[in-house]
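Novice: What follows is data19.txt, compact mmCIF, C-alpha atoms and all ligand atoms.
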# COMPACT_ATOMS: atom_id res chain seq x y z
CA MET A 7 -8.48 -26.40 51.82
CA ASN A 8 -7.26 -24.76 54.92
CA TRP A 9 -7.54 -21.05 54.07
CA GLN A 10 -5.35 -19.96 57.01
CA SER A 11 -2.86 -17.36 55.70
CA ARG A 12 -3.52 -18.31 52.05
CA ARG A 13 -3.12 -15.42 49.61
CA VAL A 14 -6.36 -15.20 47.71
CA LEU A 15 -7.41 -12.74 45.01
CA VAL A 16 -11.11 -12.03 44.42
CA THR A 17 -11.96 -9.96 41.34
CA GLY A 18 -15.32 -8.25 41.69
CA GLY A 19 -14.95 -8.75 45.45
CA ALA A 20 -16.70 -5.49 46.35
CA GLY A 21 -19.86 -6.67 44.58
CA PHE A 22 -22.85 -8.58 45.85
CA ILE A 23 -21.64 -12.20 45.76
CA GLY A 24 -17.95 -11.24 45.84
CA SER A 25 -18.21 -9.38 49.15
CA GLU A 26 -19.91 -12.37 50.78
CA LEU A 27 -17.18 -14.66 49.43
CA VAL A 28 -14.47 -12.28 50.71
CA ALA A 29 -16.09 -12.24 54.17
CA GLN A 30 -16.23 -16.05 54.30
CA LEU A 31 -12.61 -16.41 53.15
CA ALA A 32 -11.35 -13.72 55.55
CA HIS A 33 -13.18 -15.33 58.46
CA ALA A 34 -11.58 -18.65 57.50
CA GLY A 35 -8.15 -17.00 57.90
CA ALA A 36 -7.24 -16.17 54.27
CA ARG A 37 -5.42 -12.98 53.34
CA VAL A 38 -7.70 -11.62 50.67
CA THR A 39 -7.01 -9.02 48.01
CA VAL A 40 -10.06 -7.60 46.27
CA LEU A 41 -9.77 -6.10 42.80
CA ASP A 42 -12.83 -4.09 41.88
CA SER A 43 -13.44 -1.02 39.72
CA LEU A 44 -16.40 -0.11 41.96
CA VAL A 45 -18.55 0.40 38.86
CA ASN A 46 -21.23 -1.64 40.62
CA GLY A 47 -19.41 -2.72 43.79
CA LYS A 48 -19.10 -0.61 46.94
CA ARG A 49 -16.34 -0.08 49.52
CA ALA A 50 -19.07 -0.30 52.15
CA ASN A 51 -19.69 -3.92 51.15
CA LEU A 52 -16.35 -4.75 52.78
CA ASP A 53 -17.05 -2.81 56.00
CA GLY A 54 -16.42 -4.72 59.17
CA LEU A 55 -13.78 -7.04 57.72
CA PRO A 56 -10.41 -7.07 59.48
CA ALA A 57 -8.10 -4.62 57.65
CA GLU A 58 -5.09 -6.91 58.20
CA SER A 59 -6.75 -9.71 56.22
CA THR A 60 -8.56 -7.76 53.48
CA THR A 61 -7.11 -5.28 51.00
CA LEU A 62 -9.12 -3.46 48.34
CA VAL A 63 -7.36 -2.53 45.11
CA VAL A 64 -9.52 -0.22 43.02
CA GLY A 65 -8.79 -0.98 39.38
CA ASP A 66 -10.07 -2.44 36.15
CA VAL A 67 -9.69 -6.09 35.16
CA ARG A 68 -8.85 -4.80 31.67
CA ASP A 69 -5.63 -3.27 33.08
CA GLU A 70 -3.20 -6.00 32.02
CA THR A 71 -0.21 -4.70 34.00
CA LEU A 72 -2.26 -4.68 37.16
CA ALA A 73 -3.61 -8.18 36.41
CA ARG A 74 -0.09 -9.57 35.90
CA ASP A 75 1.22 -7.92 39.08
CA LEU A 76 -1.66 -9.17 41.23
CA LEU A 77 -1.56 -12.69 39.84
CA ARG A 78 2.15 -13.03 40.68
CA GLU A 79 1.33 -12.41 44.34
CA HIS A 80 -1.62 -14.78 44.81
CA ALA A 81 -2.01 -18.56 44.83
CA VAL A 82 -5.78 -18.78 44.41
CA VAL A 83 -7.97 -16.58 42.21
CA PHE A 84 -11.73 -16.26 42.24
CA HIS A 85 -12.75 -14.39 39.09
CA LEU A 86 -16.13 -12.72 39.59
CA ALA A 87 -15.65 -9.23 38.10
CA CYS A 88 -18.25 -8.75 35.44
CA LEU A 89 -20.88 -6.50 33.93
CA GLY A 90 -24.44 -7.73 34.15
CA LEU A 91 -27.12 -9.17 31.92
CA ARG A 92 -29.10 -5.96 31.47
CA HIS A 93 -25.87 -4.04 30.81
CA SER A 94 -25.29 -6.42 27.88
CA LEU A 95 -28.60 -5.34 26.33
CA HIS A 96 -27.47 -1.73 25.94
CA ALA A 97 -23.65 -2.13 25.83
CA PRO A 98 -22.85 -5.54 24.32
CA GLY A 99 -19.34 -4.59 23.21
CA GLU A 100 -18.16 -3.48 26.64
CA ASN A 101 -19.95 -6.43 28.23
CA HIS A 102 -17.97 -8.79 26.01
CA GLU A 103 -14.69 -6.93 26.72
CA VAL A 104 -15.02 -7.30 30.48
CA ASN A 105 -16.78 -10.66 30.76
CA ALA A 106 -15.00 -12.57 28.00
CA GLY A 107 -11.99 -10.60 26.70
CA ALA A 108 -10.52 -9.75 30.09
CA THR A 109 -11.14 -13.31 31.29
CA LEU A 110 -8.99 -14.71 28.48
CA ALA A 111 -6.18 -12.30 29.38
CA TRP A 112 -6.45 -13.24 33.07
CA LEU A 113 -6.21 -16.93 32.22
CA GLN A 114 -3.05 -16.35 30.18
CA PHE A 115 -1.47 -14.34 32.99
CA ALA A 116 -2.59 -16.92 35.56
CA ARG A 117 -0.74 -19.55 33.58
CA GLU A 118 2.42 -17.41 33.47
CA ALA A 119 2.11 -16.82 37.22
CA ARG A 120 1.55 -20.55 37.87
CA VAL A 121 -1.44 -19.97 40.13
CA GLU A 122 -2.60 -22.97 42.13
CA ARG A 123 -6.28 -22.49 41.36
CA PHE A 124 -8.39 -20.28 39.11
CA VAL A 125 -12.12 -20.37 39.85
CA GLN A 126 -14.12 -18.96 36.96
CA VAL A 127 -17.52 -17.80 38.17
CA SER A 128 -19.84 -18.33 35.23
CA SER A 129 -23.66 -18.32 35.27
CA SER A 130 -26.78 -20.41 34.69
CA GLU A 131 -27.48 -17.91 31.89
CA VAL A 132 -25.12 -19.98 29.69
CA TYR A 133 -27.92 -22.56 29.35
CA GLY A 134 -30.65 -20.31 28.00
CA THR A 135 -34.12 -21.64 28.72
CA ALA A 136 -34.39 -25.22 30.03
CA GLN A 137 -34.80 -27.81 27.27
CA ARG A 138 -35.19 -30.39 30.03
CA ALA A 139 -35.46 -29.87 33.77
CA PRO A 140 -33.77 -29.75 36.15
CA ILE A 141 -30.73 -28.49 34.24
CA ASP A 142 -27.58 -30.48 34.92
CA GLU A 143 -24.13 -29.59 33.62
CA SER A 144 -24.55 -31.67 30.45
CA HIS A 145 -27.60 -29.63 29.39
CA PRO A 146 -26.96 -27.84 26.05
CA THR A 147 -25.75 -24.25 26.24
CA ALA A 148 -27.80 -21.71 24.26
CA PRO A 149 -27.45 -18.28 25.93
CA ALA A 150 -30.23 -15.79 25.18
CA THR A 151 -28.18 -12.64 25.84
CA VAL A 152 -24.71 -11.30 25.09
CA TYR A 153 -24.10 -11.55 28.85
CA GLY A 154 -24.83 -15.29 28.78
CA ALA A 155 -22.74 -15.69 25.62
CA ALA A 156 -19.81 -13.78 27.15
CA LYS A 157 -20.01 -15.87 30.35
CA LEU A 158 -19.99 -19.00 28.16
CA ALA A 159 -16.93 -17.69 26.29
CA GLY A 160 -15.19 -16.95 29.60
CA GLU A 161 -15.79 -20.41 31.04
CA SER A 162 -14.91 -22.06 27.70
CA TYR A 163 -11.58 -20.19 27.66
CA ALA A 164 -10.96 -21.34 31.23
CA LEU A 165 -11.63 -24.99 30.39
CA ALA A 166 -9.58 -24.75 27.19
CA MET A 167 -6.63 -23.40 29.19
CA HIS A 168 -7.02 -26.38 31.49
CA ARG A 169 -7.11 -28.84 28.59
CA SER A 170 -4.25 -27.22 26.65
CA TRP A 171 -1.91 -26.32 29.46
CA GLY A 172 -3.15 -27.98 32.60
CA LEU A 173 -4.12 -24.65 34.19
CA PRO A 174 -5.89 -25.68 37.42
CA VAL A 175 -9.28 -24.22 36.61
CA THR A 176 -12.71 -24.83 38.13
CA VAL A 177 -15.93 -23.41 36.64
CA VAL A 178 -19.03 -22.73 38.71
CA ARG A 179 -22.42 -21.82 37.28
CA PRO A 180 -24.48 -20.13 40.00
CA PHE A 181 -28.22 -19.90 39.44
CA ASN A 182 -29.86 -16.69 40.71
CA ALA A 183 -28.54 -15.49 44.04
CA PHE A 184 -30.31 -13.17 46.47
CA GLY A 185 -29.62 -11.65 49.86
CA PRO A 186 -28.03 -8.69 51.62
CA ARG A 187 -25.97 -6.31 49.44
CA SER A 188 -27.82 -7.41 46.29
CA HIS A 189 -28.53 -4.74 43.69
CA HIS A 190 -31.81 -2.90 43.27
CA GLU A 191 -30.34 0.06 41.38
CA GLY A 192 -29.89 0.79 37.66
CA ASP A 193 -29.11 -1.96 35.18
CA ALA A 194 -27.59 -4.07 37.97
CA GLY A 195 -30.99 -4.21 39.73
CA GLU A 196 -32.21 -7.77 40.30
CA VAL A 197 -35.77 -8.98 40.66
CA ILE A 198 -35.87 -9.89 44.37
CA PRO A 199 -34.36 -6.69 45.83
CA ARG A 200 -36.50 -4.61 43.47
CA PHE A 201 -39.65 -6.47 44.50
CA VAL A 202 -38.77 -6.22 48.21
CA LEU A 203 -38.09 -2.47 48.06
CA CYS A 204 -41.19 -1.75 45.95
CA ALA A 205 -43.28 -3.82 48.35
CA LEU A 206 -41.81 -1.99 51.37
CA ALA A 207 -42.55 1.35 49.69
CA GLY A 208 -46.07 0.26 48.66
CA LYS A 209 -45.19 0.73 44.97
CA PRO A 210 -46.23 -1.70 42.21
CA LEU A 211 -44.12 -4.79 41.60
CA THR A 212 -43.39 -5.01 37.88
CA VAL A 213 -43.59 -8.36 36.12
CA PHE A 214 -42.36 -8.58 32.52
CA GLY A 215 -44.50 -10.73 30.23
CA ASP A 216 -46.98 -13.15 31.77
CA GLY A 217 -44.76 -13.92 34.77
CA THR A 218 -44.59 -17.64 34.04
CA GLN A 219 -40.80 -17.47 33.57
CA THR A 220 -39.15 -19.38 36.42
CA ARG A 221 -35.95 -19.03 38.38
CA ASP A 222 -34.01 -21.07 40.93
CA PHE A 223 -32.86 -18.89 43.83
CA THR A 224 -30.00 -19.57 46.22
CA GLU A 225 -29.25 -17.37 49.21
CA VAL A 226 -25.95 -15.56 48.75
CA SER A 227 -24.22 -17.14 51.76
CA ASP A 228 -24.85 -20.55 50.18
CA THR A 229 -23.72 -19.38 46.73
CA ALA A 230 -20.50 -17.93 48.16
CA ARG A 231 -19.81 -21.07 50.17
CA GLY A 232 -20.20 -23.12 46.99
CA ILE A 233 -17.71 -20.88 45.19
CA ALA A 234 -15.20 -21.18 48.04
CA LEU A 235 -15.61 -24.97 48.07
CA ALA A 236 -14.98 -25.06 44.32
CA GLY A 237 -11.63 -23.39 44.98
CA SER A 238 -10.61 -25.73 47.74
CA VAL A 239 -11.43 -29.29 46.64
CA PRO A 240 -8.67 -30.86 44.47
CA ALA A 241 -11.17 -33.12 42.66
CA ALA A 242 -12.93 -30.01 41.33
CA ILE A 243 -10.03 -29.09 39.02
CA GLY A 244 -11.17 -29.20 35.38
CA GLY A 245 -14.81 -29.49 36.48
CA VAL A 246 -18.00 -27.51 35.90
CA PHE A 247 -20.48 -27.22 38.77
CA ASN A 248 -24.01 -25.85 39.03
CA LEU A 249 -24.74 -23.98 42.26
CA ALA A 250 -28.50 -24.22 42.56
CA SER A 251 -31.22 -24.93 45.09
CA GLY A 252 -33.24 -27.19 42.75
CA SER A 253 -36.43 -25.26 43.61
CA GLU A 254 -38.31 -23.40 40.94
CA ILE A 255 -40.57 -20.38 41.33
CA SER A 256 -42.29 -18.29 38.67
CA VAL A 257 -41.73 -14.55 38.68
CA LEU A 258 -45.46 -13.97 39.20
CA ALA A 259 -45.49 -16.31 42.21
CA LEU A 260 -42.37 -14.55 43.48
CA ALA A 261 -44.10 -11.16 43.23
CA ARG A 262 -47.16 -12.47 45.09
CA THR A 263 -45.03 -14.15 47.78
CA ILE A 264 -42.94 -11.03 48.39
CA ALA A 265 -45.94 -8.67 48.35
CA ALA A 266 -47.72 -10.85 50.93
CA ARG A 267 -44.65 -11.37 53.13
CA VAL A 268 -43.74 -7.68 53.17
CA ALA A 269 -47.36 -6.68 53.83
CA GLY A 270 -47.07 -8.57 57.09
CA ALA A 271 -44.07 -6.42 58.02
CA ARG A 272 -45.70 -3.05 57.10
CA ALA A 273 -47.80 -0.96 59.44
CA SER A 274 -50.68 -0.78 56.93
CA GLY A 275 -50.63 -4.55 56.30
CA VAL A 276 -51.71 -3.81 52.71
CA ALA A 277 -49.95 -5.75 49.94
CA ALA A 278 -48.37 -3.76 47.09
CA PRO A 279 -50.05 -4.20 43.68
CA ILE A 280 -48.53 -6.24 40.85
CA VAL A 281 -48.44 -4.82 37.31
CA ARG A 282 -47.45 -6.47 34.05
CA LEU A 283 -45.35 -4.94 31.29
CA ALA A 284 -44.26 -6.28 27.89
CA PRO A 285 -41.59 -9.02 28.04
CA ARG A 286 -37.95 -8.08 28.54
CA PRO A 287 -35.59 -8.92 25.66
CA GLY A 288 -33.64 -12.12 26.31
CA ASP A 289 -35.70 -13.09 29.38
CA VAL A 290 -35.13 -16.83 29.77
CA GLY A 291 -38.33 -18.87 30.14
CA ARG A 292 -37.29 -21.57 32.58
CA LEU A 293 -34.28 -22.00 34.88
CA VAL A 294 -34.06 -24.69 37.50
CA GLY A 295 -30.78 -26.36 38.34
CA ASP A 296 -29.55 -29.78 39.35
CA ALA A 297 -26.63 -29.40 41.76
CA ALA A 298 -26.06 -33.12 42.34
CA ARG A 299 -22.53 -32.96 40.94
CA ALA A 300 -21.58 -30.07 43.21
CA ARG A 301 -23.05 -31.94 46.17
CA LYS A 302 -21.07 -35.07 45.35
CA VAL A 303 -17.70 -33.58 44.37
CA ILE A 304 -17.36 -30.39 46.43
CA GLY A 305 -19.89 -31.02 49.21
CA PHE A 306 -22.17 -28.12 48.24
CA ALA A 307 -25.57 -28.15 49.97
CA PRO A 308 -27.63 -24.97 50.35
CA VAL A 309 -28.85 -24.51 53.92
CA VAL A 310 -30.80 -21.24 53.85
CA THR A 311 -34.44 -21.77 52.88
CA PHE A 312 -36.07 -19.33 50.50
CA ASP A 313 -38.38 -17.93 53.22
CA ARG A 314 -35.53 -17.47 55.68
CA GLY A 315 -33.44 -15.80 52.98
CA LEU A 316 -36.30 -13.46 52.15
CA ASP A 317 -36.79 -12.52 55.80
CA ARG A 318 -33.05 -11.92 56.10
CA LEU A 319 -33.12 -9.54 53.11
CA ILE A 320 -36.23 -7.70 54.31
CA GLY A 321 -34.60 -7.35 57.74
CA TRP A 322 -31.38 -6.08 56.15
CA TYR A 323 -33.24 -3.29 54.36
CA GLN A 324 -35.18 -2.41 57.51
CA ALA A 325 -32.00 -2.32 59.61
CA GLY A 326 -30.16 -0.20 57.00
CA GLY A 327 -31.95 2.94 58.14
CA VAL A 328 -32.57 4.27 54.61
CA ALA A 329 -36.21 4.58 53.55
CA PRO A 330 -37.17 2.29 50.64
CA GLU A 331 -38.60 5.35 48.84
CA GLU A 332 -35.13 6.92 49.04
CA LEU A 333 -33.41 3.77 47.73
CA LEU A 334 -35.90 3.68 44.85
CA ARG A 335 -35.18 7.27 43.77
CA GLY A 336 -34.77 7.29 39.95
CA PHE A 337 -36.26 3.77 39.74
CA GLU A 338 -36.80 2.60 36.16
CA ALA A 339 -39.11 -0.38 35.67
CA ARG A 340 -37.40 -1.22 32.35
CA ASN A 341 -33.84 -1.15 33.66
CA TRP A 342 -32.03 -2.43 30.58
CA ASN A 343 -31.86 0.77 28.55
CA ALA A 344 -28.70 2.91 28.40
CA PRO A 345 -28.52 5.19 31.48
N1 LIG A 401 -26.17 -12.40 41.13
C1 LIG A 401 -26.51 -13.54 40.55
O1 LIG A 401 -27.65 -14.00 40.70
C2 LIG A 401 -25.51 -14.32 39.72
C3 LIG A 401 -25.95 -15.50 39.12
C4 LIG A 401 -25.04 -16.22 38.33
C5 LIG A 401 -23.74 -15.78 38.18
N2 LIG A 401 -23.35 -14.63 38.78
C6 LIG A 401 -21.95 -14.23 38.59
O2 LIG A 401 -21.40 -13.93 39.85
C7 LIG A 401 -20.42 -12.90 39.73
C8 LIG A 401 -20.73 -11.78 40.70
O3 LIG A 401 -22.01 -11.24 40.37
P1 LIG A 401 -22.77 -10.25 41.35
O4 LIG A 401 -24.20 -10.56 41.27
O5 LIG A 401 -22.10 -10.21 42.67
O6 LIG A 401 -22.57 -8.89 40.57
P2 LIG A 401 -21.88 -7.52 41.03
O7 LIG A 401 -22.11 -6.55 39.93
O8 LIG A 401 -22.30 -7.15 42.38
O9 LIG A 401 -20.35 -7.93 41.08
C9 LIG A 401 -19.46 -7.75 40.00
C10 LIG A 401 -18.36 -6.82 40.46
O10 LIG A 401 -17.45 -6.65 39.38
C11 LIG A 401 -17.04 -5.30 39.39
N3 LIG A 401 -16.58 -4.96 38.04
C12 LIG A 401 -17.34 -4.79 36.93
N4 LIG A 401 -16.55 -4.47 35.88
C13 LIG A 401 -15.28 -4.44 36.35
C14 LIG A 401 -14.04 -4.17 35.76
N5 LIG A 401 -13.93 -3.85 34.46
N6 LIG A 401 -12.93 -4.25 36.52
C15 LIG A 401 -13.02 -4.56 37.84
N7 LIG A 401 -14.18 -4.80 38.47
C16 LIG A 401 -15.30 -4.75 37.73
C17 LIG A 401 -18.24 -4.51 39.84
O11 LIG A 401 -17.91 -3.25 40.38
C18 LIG A 401 -18.87 -5.44 40.87
O12 LIG A 401 -18.44 -5.13 42.16
C19 LIG A 401 -20.44 -12.46 38.26
O13 LIG A 401 -19.37 -13.08 37.59
C20 LIG A 401 -21.78 -12.98 37.75
O14 LIG A 401 -21.72 -13.28 36.38
C21 LIG A 401 -24.21 -13.89 39.53
Starting from the coordinates I provided, produce the structure as structure tokens.

Specialist:
Amino acid sequence: MNWQSRRVLVTGGAGFIGSELVAQLAHAGARVTVLDSLVNGKRANLDGLPAESTTLVVGDVRDETLARDLLREHAVVFHLACLGLRHSLHAPGENHEVNAGATLAWLQFAREARVERFVQVSSSEVYGTAQRAPIDESHPTAPATVYGAAKLAGESYALAMHRSWGLPVTVVRPFNAFGPRSHHEGDAGEVIPRFVLCALAGKPLTVFGDGTQTRDFTEVSDTARGIALAGSVPAAIGGVFNLASGSEISVLALARTIAARVAGARASGVAAPIVRLAPRPGDVGRLVGDAARARKVIGFAPVVTFDRGLDRLIGWYQAGGVAPEELLRGFEARNWNAP
């Protein structure tokens, strides 16, 4: 799709992946409206974008009047607003409300507004642990958390609205993303930014369980490009697409890699220690994705290697001018309990 002057709405667009998607769409000439409650997103994530092409509306996706009004004014919707996996461990009801309940309402309003495309950003967490690997889109879904279950409900509602009413929906299932503007803080905190900051501060990197659980990481610029492609290719309507690198790394190997890589960037050259804690509830054992369908149908191909992505993130923290110790203030190793 030519994004020039297209009116695009990105829910959750002040968040980690959303802000990268907004930047890519704005640079491609789209006029982007961001709806975000800023519960985990930040205004600063949209800094540097041209004001004439990017508008931030601070509001809640559960506000139905606001949803209806915004949907009437936009042709393409990328629905990313959501509360995270660890949030679902301490607040499952609210997690369901935002991730599943609000999604159903948005789909109904999108139908009324006759939007041209609704991209539902789901998650690899819908699969649960791999029963066979790599995981393609026909792999059974067996989410291990309320987050994964709510994401599965959201994407199932989207596909049902397509099948019942022809709503032009596309579902993407990103595997783990990492990169600048990712979260280290609170229950939104993800493993890579937490490991990088702990390593920079010389604090222990915490591995839950034996560390053999694996993940498939994609750099956020690749993830966001995949999401944008899903919203632009006509053949993607009604489809479900993994966004994955196809490479698998265990959490223990990840901790060792990051500790060693950051040690090289620290004055002392000493690697941070790695400690093990009891397993986290709902921690999926194995996740590695097959993105062949996305490659074939929407032309998705990740280009940022894991090492380059890691260096980019380390450099981003170093250029940010805030000491890692400061960013880690109030750090909780077990970041899934109620705040
Ligand atoms: N980060 C990953 O590795 C990953 C992997 C798979 C799927 N995803 C999906 O990608 C999307 C973006 O995730 P992210 O990692 O950028 O997380 P994020 O928390 O940075 O982004 C979500 C955004 O939604 C906003 N939000 C939350 N509740 C809201 C509400 N009620 N109303 C309005 N805005 C609200 C938050 O403020 C935040 O900015 C999510 O749908 C997530 O499920 C992420």

Novice: I'd like the box whose edges run along x, y and z of the file and which contains every listed atom of ligand LIG 401 (chain A), padded by 5 Å per side; could you state its centre and edge lengths in Å, one decimal, as lines of an AutoDock Vina configuration file?

Specialist:
center_x = -20.3
center_y = -9.7
center_z = 38.6
size_x = 24.7
size_y = 23.0
size_z = 18.2

Novice: Within 7 Å of ligand LIG 401 (chain A), which residues show up when you count only C-alpha atoms and all ligand atoms? List them as an mmCIF file with C-alpha atoms, in the coordinates of the input, please.

Specialist:
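So pocket.cif came out as:
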data_model
loop_
_atom_site.group_PDB
_atom_site.id
_atom_site.type_symbol
_atom_site.label_atom_id
_atom_site.label_comp_id
_atom_site.auth_asym_id
_atom_site.auth_seq_id
_atom_site.Cartn_x
_atom_site.Cartn_y
_atom_site.Cartn_z
ATOM 1 C CA THR A 17 -11.960 -9.960 41.340
ATOM 2 C CA GLY A 18 -15.320 -8.250 41.690
ATOM 3 C CA GLY A 19 -14.950 -8.750 45.450
ATOM 4 C CA ALA A 20 -16.700 -5.490 46.350
ATOM 5 C CA GLY A 21 -19.860 -6.670 44.580
ATOM 6 C CA PHE A 22 -22.850 -8.580 45.850
ATOM 7 C CA ILE A 23 -21.640 -12.200 45.760
ATOM 8 C CA GLY A 24 -17.950 -11.240 45.840
ATOM 9 C CA LEU A 41 -9.770 -6.100 42.800
ATOM 10 C CA ASP A 42 -12.830 -4.090 41.880
ATOM 11 C CA SER A 43 -13.440 -1.020 39.720
ATOM 12 C CA LEU A 44 -16.400 -0.110 41.960
ATOM 13 C CA VAL A 45 -18.550 0.400 38.860
ATOM 14 C CA ASN A 46 -21.230 -1.640 40.620
ATOM 15 C CA GLY A 47 -19.410 -2.720 43.790
ATOM 16 C CA LYS A 48 -19.100 -0.610 46.940
ATOM 17 C CA GLY A 65 -8.790 -0.980 39.380
ATOM 18 C CA ASP A 66 -10.070 -2.440 36.150
ATOM 19 C CA VAL A 67 -9.690 -6.090 35.160
ATOM 20 C CA ARG A 68 -8.850 -4.800 31.670
ATOM 21 C CA HIS A 85 -12.750 -14.390 39.090
ATOM 22 C CA LEU A 86 -16.130 -12.720 39.590
ATOM 23 C CA ALA A 87 -15.650 -9.230 38.100
ATOM 24 C CA CYS A 88 -18.250 -8.750 35.440
ATOM 25 C CA LEU A 89 -20.880 -6.500 33.930
ATOM 26 C CA GLY A 90 -24.440 -7.730 34.150
ATOM 27 C CA VAL A 104 -15.020 -7.300 30.480
ATOM 28 C CA VAL A 127 -17.520 -17.800 38.170
ATOM 29 C CA SER A 128 -19.840 -18.330 35.230
ATOM 30 C CA SER A 129 -23.660 -18.320 35.270
ATOM 31 C CA SER A 130 -26.780 -20.410 34.690
ATOM 32 C CA LYS A 157 -20.010 -15.870 30.350
ATOM 33 C CA ARG A 179 -22.420 -21.820 37.280
ATOM 34 C CA PRO A 180 -24.480 -20.130 40.000
ATOM 35 C CA PHE A 181 -28.220 -19.900 39.440
ATOM 36 C CA ASN A 182 -29.860 -16.690 40.710
ATOM 37 C CA ALA A 183 -28.540 -15.490 44.040
ATOM 38 C CA PHE A 184 -30.310 -13.170 46.470
ATOM 39 C CA SER A 188 -27.820 -7.410 46.290
ATOM 40 C CA HIS A 189 -28.530 -4.740 43.690
ATOM 41 C CA ALA A 194 -27.590 -4.070 37.970
#

Novice: Set the distance at 8 Å and use all atoms listed in the file: which residues neighbour range 228-234 of chain A once local chain neighbours fewer than 2 positions away are removed? I'd like the list as a ChimeraX atom specification.

Specialist: /A:23-24,26-27,30-31,125,127,178,180,183,224-226,236-238,249-250,304,306-310

Novice: Would you please work out which residue, of A:Ala207, A:Val64, A:Glu196, A:Arg13, is nearest to Ala329 in chain A when using all atoms listed in the file?

Specialist: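 Of A:Ala207, A:Val64, A:Glu196, A:Arg13, the one nearest Ala329 in chain A, counting all atoms listed in the file, is A:Ala207.
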
Novice: So how far away is CA of Ile198 in chain A from CA of Ser251 in chain A, in Å?

Specialist: 15.8 Å

Novice: For a test of reading the model, state the distance in Å between CA of Asp313 in chain A and CA of Arg267 in chain A, rounded to one decimal.

Specialist: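 Value for the CA of Asp313 in chain A-CA of Arg267 in chain A distance: 9.1 Å.
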
Novice: What is the distance, in Å and to one decimal place, between CA of Trp9 in chain A and CA of Arg37 in chain A?

Specialist: 8.4 Å

Novice: Counting all atoms listed in the file, I want the residues whose atoms come within 12 Å of (-29.0, 0.3, 33.4) in the file frame, returned as a list in words.

Specialist: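 Counting all atoms listed in the file, I find these residues within 12 Å of (-29.0, 0.3, 33.4): Val45, Asn46, Leu89, Gly90, Leu91, Arg92, His93, Ser94, Leu95, His96, Ala97, His189, His190, Glu191, Gly192, Asp193, Ala194, Gly195, Glu196, Gly336, Phe337, Glu338, Ala339, Arg340, Asn341, Trp342, Asn343, Ala344 and Pro345 of chain A.
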
Novice: For the selection you just gave me, I'd like the residues written to a file as a PDB file, keeping the file's coordinate frame, keeping C-alpha atoms.

Specialist:
ATOM      1  CA  VAL A  45     -18.550   0.400  38.860  1.00  0.00           C
ATOM      2  CA  ASN A  46     -21.230  -1.640  40.620  1.00  0.00           C
ATOM      3  CA  LEU A  89     -20.880  -6.500  33.930  1.00  0.00           C
ATOM      4  CA  GLY A  90     -24.440  -7.730  34.150  1.00  0.00           C
ATOM      5  CA  LEU A  91     -27.120  -9.170  31.920  1.00  0.00           C
ATOM      6  CA  ARG A  92     -29.100  -5.960  31.470  1.00  0.00           C
ATOM      7  CA  HIS A  93     -25.870  -4.040  30.810  1.00  0.00           C
ATOM      8  CA  SER A  94     -25.290  -6.420  27.880  1.00  0.00           C
ATOM      9  CA  LEU A  95     -28.600  -5.340  26.330  1.00  0.00           C
ATOM     10  CA  HIS A  96     -27.470  -1.730  25.940  1.00  0.00           C
ATOM     11  CA  ALA A  97     -23.650  -2.130  25.830  1.00  0.00           C
ATOM     12  CA  HIS A 189     -28.530  -4.740  43.690  1.00  0.00           C
ATOM     13  CA  HIS A 190     -31.810  -2.900  43.270  1.00  0.00           C
ATOM     14  CA  GLU A 191     -30.340   0.060  41.380  1.00  0.00           C
ATOM     15  CA  GLY A 192     -29.890   0.790  37.660  1.00  0.00           C
ATOM     16  CA  ASP A 193     -29.110  -1.960  35.180  1.00  0.00           C
ATOM     17  CA  ALA A 194     -27.590  -4.070  37.970  1.00  0.00           C
ATOM     18  CA  GLY A 195     -30.990  -4.210  39.730  1.00  0.00           C
ATOM     19  CA  GLU A 196     -32.210  -7.770  40.300  1.00  0.00           C
ATOM     20  CA  GLY A 336     -34.770   7.290  39.950  1.00  0.00           C
ATOM     21  CA  PHE A 337     -36.260   3.770  39.740  1.00  0.00           C
ATOM     22  CA  GLU A 338     -36.800   2.600  36.160  1.00  0.00           C
ATOM     23  CA  ALA A 339     -39.110  -0.380  35.670  1.00  0.00           C
ATOM     24  CA  ARG A 340     -37.400  -1.220  32.350  1.00  0.00           C
ATOM     25  CA  ASN A 341     -33.840  -1.150  33.660  1.00  0.00           C
ATOM     26  CA  TRP A 342     -32.030  -2.430  30.580  1.00  0.00           C
ATOM     27  CA  ASN A 343     -31.860   0.770  28.550  1.00  0.00           C
ATOM     28  CA  ALA A 344     -28.700   2.910  28.400  1.00  0.00           C
ATOM     29  CA  PRO A 345     -28.520   5.190  31.480  1.00  0.00           C
TER      30      PRO A 345
END

Novice: Pick the closest to Phe223 in chain A from A:Pro285, A:Gly252, A:Gly244, A:Gly134: which is it, counting only C-alpha atoms?

Specialist: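 Of A:Pro285, A:Gly252, A:Gly244, A:Gly134, the one nearest Phe223 in chain A is A:Gly252, counting only C-alpha atoms.
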